[in-house]
Amino acid sequence: MLAHRTLSGSNHTMFHWRQRKAFVIVTALILLGIGVVSYILQPASVATYQAAAPDTLPSQLSDVDFWEMIESFSEPNGYFRSDNFLSNESGLQSVVPKVRERIQPGNVYIGVGPEQNFTYILAFQPKISFVIDIRRLNMLEHLLYKAIFELSQDRADFVSSLFSRPRPKGLTEKATVEELFKAYDDVASNNALLETNLERVRAQLLVTHHFPLSEEDVMQIRYVLSNFAQEGPDLTYSFLGTYYQGTLGMPTYRQLMADNDGKGHNWSFLATEDAFRKIQDIQRKNLIVPLVGDFAGPKTIRSVGRYMRQHDALLSVFYTSNVEMYLFQQGNDWKNFYENVATLPLNPASTFVRFAAGRGRRFGSTGGIFGGMRSQMWSPVLEVIQSVRDRDFDDYAGVLDMSE
């Protein structure tokens, strides 16, 4: 929250000095002018909260409130070069142990992108989460996920619906995540099941929840679900029209779900039946709110901040992926982003988590299925904002240098 102040009281008092001599008035005006310049040159302070007040965040949102947030907090649909159907961050979980030591559960999580947010939400245990992405397609993909979570009986049912593949026989709730996906190895996609799943999702969103989605929105949801059906659990992140997704060793969906944090713990939302049900419960309570917004835009992040202040809530984690890198390539967008973040209720534990390709650490034998380099880094939000205002850096490399 930025601090604001005015000088109207000083001006009012000054112009009531009618009995003073002229040189006194001139001197006062000069001193006042110096004071104004000095104030303008000082960066606005960031409001910090050493301890959280008792929050009034809801334990669940009504369908009306959920949709009202999406409509009133969101900005116009924007463009990005890729559909981003899933994460390409193989080291996603590596920061979880350290960040969990810093933060308290029950606060607010903000993220970007698709399914990786479920893993972070499971790990960081916020009370409410907002996923902000410049693409409306991402918001619609989250609504697709929401419907499938709500309609699924268990993980096997979820995977069946997400990839439009008939459920194999013999899968139980005790299956490991590796066993879960292996069971689908020889199961082909099914067009009839795809149409059935699409209709179930449409009915869940439009009839059960009464979300006023347009026909274009429904077509975009079909587009997402069709791609999941076509590629199956081996779906990877891809840049449309290019080939190099195959040269970078980007992880498949199943690999992301089977990875761990480098210490042997898998935080993915499909790792266990209990993990799945926790995210399912959060989805049924409407507590993962997908928004359309530009990180450097004038509305979305600040709207979330106003909501947080209204409910005495604090930011725990802001997951940015590599969006900051793009903001540094777009004029002053990076400065606008950090000023937006400065309006959120923060404390020293508030943490940025970001993707830093080629800047991660090397893990040993417990480094998950990818071993090797991990790409995720973190830094305290308040320290980053202060460094921006002190002009300690002006590029993404500077942000990474102060990250761990």
# chains A, B, ... in the order shown; residues from 1 in each chain; ligands from 1
>>> select_by_dssp(residues="segment 202-393 of chain A", states="alpha helix (DSSP H)", output="ChimeraX atom specification")
/A:202-203,215-231,253-258,273-284,300-310,323-327,333-341,381-389
>>> residues_around(residues="segment 113-120 of chain A", least_positions_apart="2", cutoff="7 Å", atoms="only C-alpha atoms", output="number ranges by chain")
A: 85-87, 111, 122-124, 133, 138, 142, 267-269, 279
>>> atom_distance(atom1="atom CA of Asn190 of chain A", atom2="atom CA of Arg165 of chain A")
5.8 Å
>>> residues_around(residues="Arg155 of chain A", least_positions_apart="4", cutoff="10 Å", atoms="only C-alpha atoms", output="ChimeraX atom specification")
/A:149,159-161,171-173,175,177,180,269-277
>>> write_last_selection(atoms="C-alpha atoms", output="PDB file, in the first residue's frame")
ATOM      1  CA  PHE A 149     -11.971 -31.374 -10.114  1.00  0.00           C
ATOM      2  CA  VAL A 159      -6.963 -38.104 -15.345  1.00  0.00           C
ATOM      3  CA  SER A 160      -9.595 -39.906 -17.409  1.00  0.00           C
ATOM      4  CA  SER A 161     -11.661 -36.727 -17.804  1.00  0.00           C
ATOM      5  CA  LEU A 171      -6.831 -48.490 -10.389  1.00  0.00           C
ATOM      6  CA  THR A 172      -7.438 -47.787  -6.722  1.00  0.00           C
ATOM      7  CA  GLU A 173      -6.854 -44.810  -4.463  1.00  0.00           C
ATOM      8  CA  ALA A 175      -1.929 -46.225  -6.596  1.00  0.00           C
ATOM      9  CA  VAL A 177       1.383 -41.314  -9.147  1.00  0.00           C
ATOM     10  CA  LEU A 180      -1.578 -43.956 -12.012  1.00  0.00           C
ATOM     11  CA  PHE A 269      -1.729 -32.314  -6.522  1.00  0.00           C
ATOM     12  CA  LEU A 270      -1.848 -35.791  -8.078  1.00  0.00           C
ATOM     13  CA  ALA A 271       0.876 -37.309  -5.894  1.00  0.00           C
ATOM     14  CA  THR A 272      -1.658 -38.854  -3.506  1.00  0.00           C
ATOM     15  CA  GLU A 273      -5.390 -39.148  -3.133  1.00  0.00           C
ATOM     16  CA  ASP A 274      -5.254 -36.875  -0.097  1.00  0.00           C
ATOM     17  CA  ALA A 275      -3.446 -34.147  -2.073  1.00  0.00           C
ATOM     18  CA  PHE A 276      -6.022 -34.384  -4.852  1.00  0.00           C
ATOM     19  CA  ARG A 277      -8.935 -34.114  -2.441  1.00  0.00           C
TER      20      ARG A 277
END
>>> closest_atom_pairs(of="segment 303-343 of chain A", to="segment 395-399 of chain A", cutoff="9 Å", atoms="only C-alpha atoms", output="CSV")
residue,atom,partner,partner_atom,distance
A:Glu324,CA,A:Tyr396,CA,6.8
A:Met325,CA,A:Tyr396,CA,5.4
A:Tyr326,CA,A:Tyr396,CA,8.7
A:Leu327,CA,A:Tyr396,CA,8.7
A:Phe328,CA,A:Asp395,CA,5.9
A:Gln329,CA,A:Asp395,CA,8.5
A:Trp334,CA,A:Asp395,CA,8.7
>>> residues_around(residues="Gln255 of chain A", least_positions_apart="5", cutoff="12 Å", atoms="only C-alpha atoms", output="list of chain:residue names")
A:Leu86, A:Ser87, A:Asn88, A:Glu89, A:Ser90, A:Gly91, A:Leu92, A:Val177, A:Glu178, A:Leu180, A:Phe181, A:Lys182, A:Pro233, A:Asp234, A:Leu235, A:Thr236, A:Gly249, A:Met250, A:Asn260, A:Asn266, A:Ser268, A:Leu270, A:Ala271, A:Gly368, A:Ile369, A:Phe370
>>> closest_residue(among="A:Arg167, A:Arg354, A:Leu144, A:Asn340", to="Asp186 of chain A", atoms="only C-alpha atoms")
A:Arg167
>>> residues_around(residues="Pro212 of chain A", least_positions_apart="2", cutoff="12 Å", atoms="only C-alpha atoms", output="number ranges by chain")
A: 63-64, 66-68, 70-71, 202-210, 214-218
>>> atom_distance(atom1="atom CA of Asp294 of chain A", atom2="atom CA of Glu231 of chain A")
29.4 Å
>>> residues_around(residues="Leu382 of chain A", least_positions_apart="2", cutoff="8 Å", atoms="only C-alpha atoms", output="list in words")
Leu346, Asn347, Pro348, Ser350, Pro380, Val384, Ile385 and Gln386 of chain A
>>> atom_distance(atom1="atom CA of Asp185 of chain A", atom2="atom CA of Gln153 of chain A")
20.9 Å
>>> residues_around(residues="segment 224-229 of chain A", least_positions_apart="3", cutoff="6 Å", atoms="only C-alpha atoms", output="MDAnalysis selection string")
chainID A and resid 163:164 189 221 232
>>> select_by_dssp(residues="segment 174-327 of chain A", states="strand (DSSP E)", output="number ranges by chain")
A: 288-292, 315-321
>>> write_last_selection(atoms="C-alpha atoms", output="CSV table (one decimal), in the first residue's frame")
chain,number,residue,atom,x,y,z
A,288,ILE,CA,-9.0,-20.4,-6.5
A,289,VAL,CA,-10.0,-17.3,-8.5
A,290,PRO,CA,-8.6,-17.0,-12.0
A,291,LEU,CA,-8.3,-13.5,-13.3
A,292,VAL,CA,-7.3,-11.9,-16.6
A,315,LEU,CA,0.4,-11.9,0.9
A,316,SER,CA,2.3,-15.1,1.5
A,317,VAL,CA,3.6,-16.0,-2.0
A,318,PHE,CA,3.6,-14.3,-5.3
A,319,TYR,CA,4.6,-16.8,-8.0
A,320,THR,CA,5.7,-14.9,-11.1
A,321,SER,CA,7.1,-17.7,-13.3
>>> closest_residue(among="A:Lys285, A:Arg222, A:Lys263, A:Lys169", to="Glu150 of chain A", atoms="only C-alpha atoms")
A:Lys285
>>> closest_residue(among="A:Glu101, A:Leu344, A:Leu213, A:Ala349", to="Gln310 of chain A", atoms="only C-alpha atoms")
A:Leu344
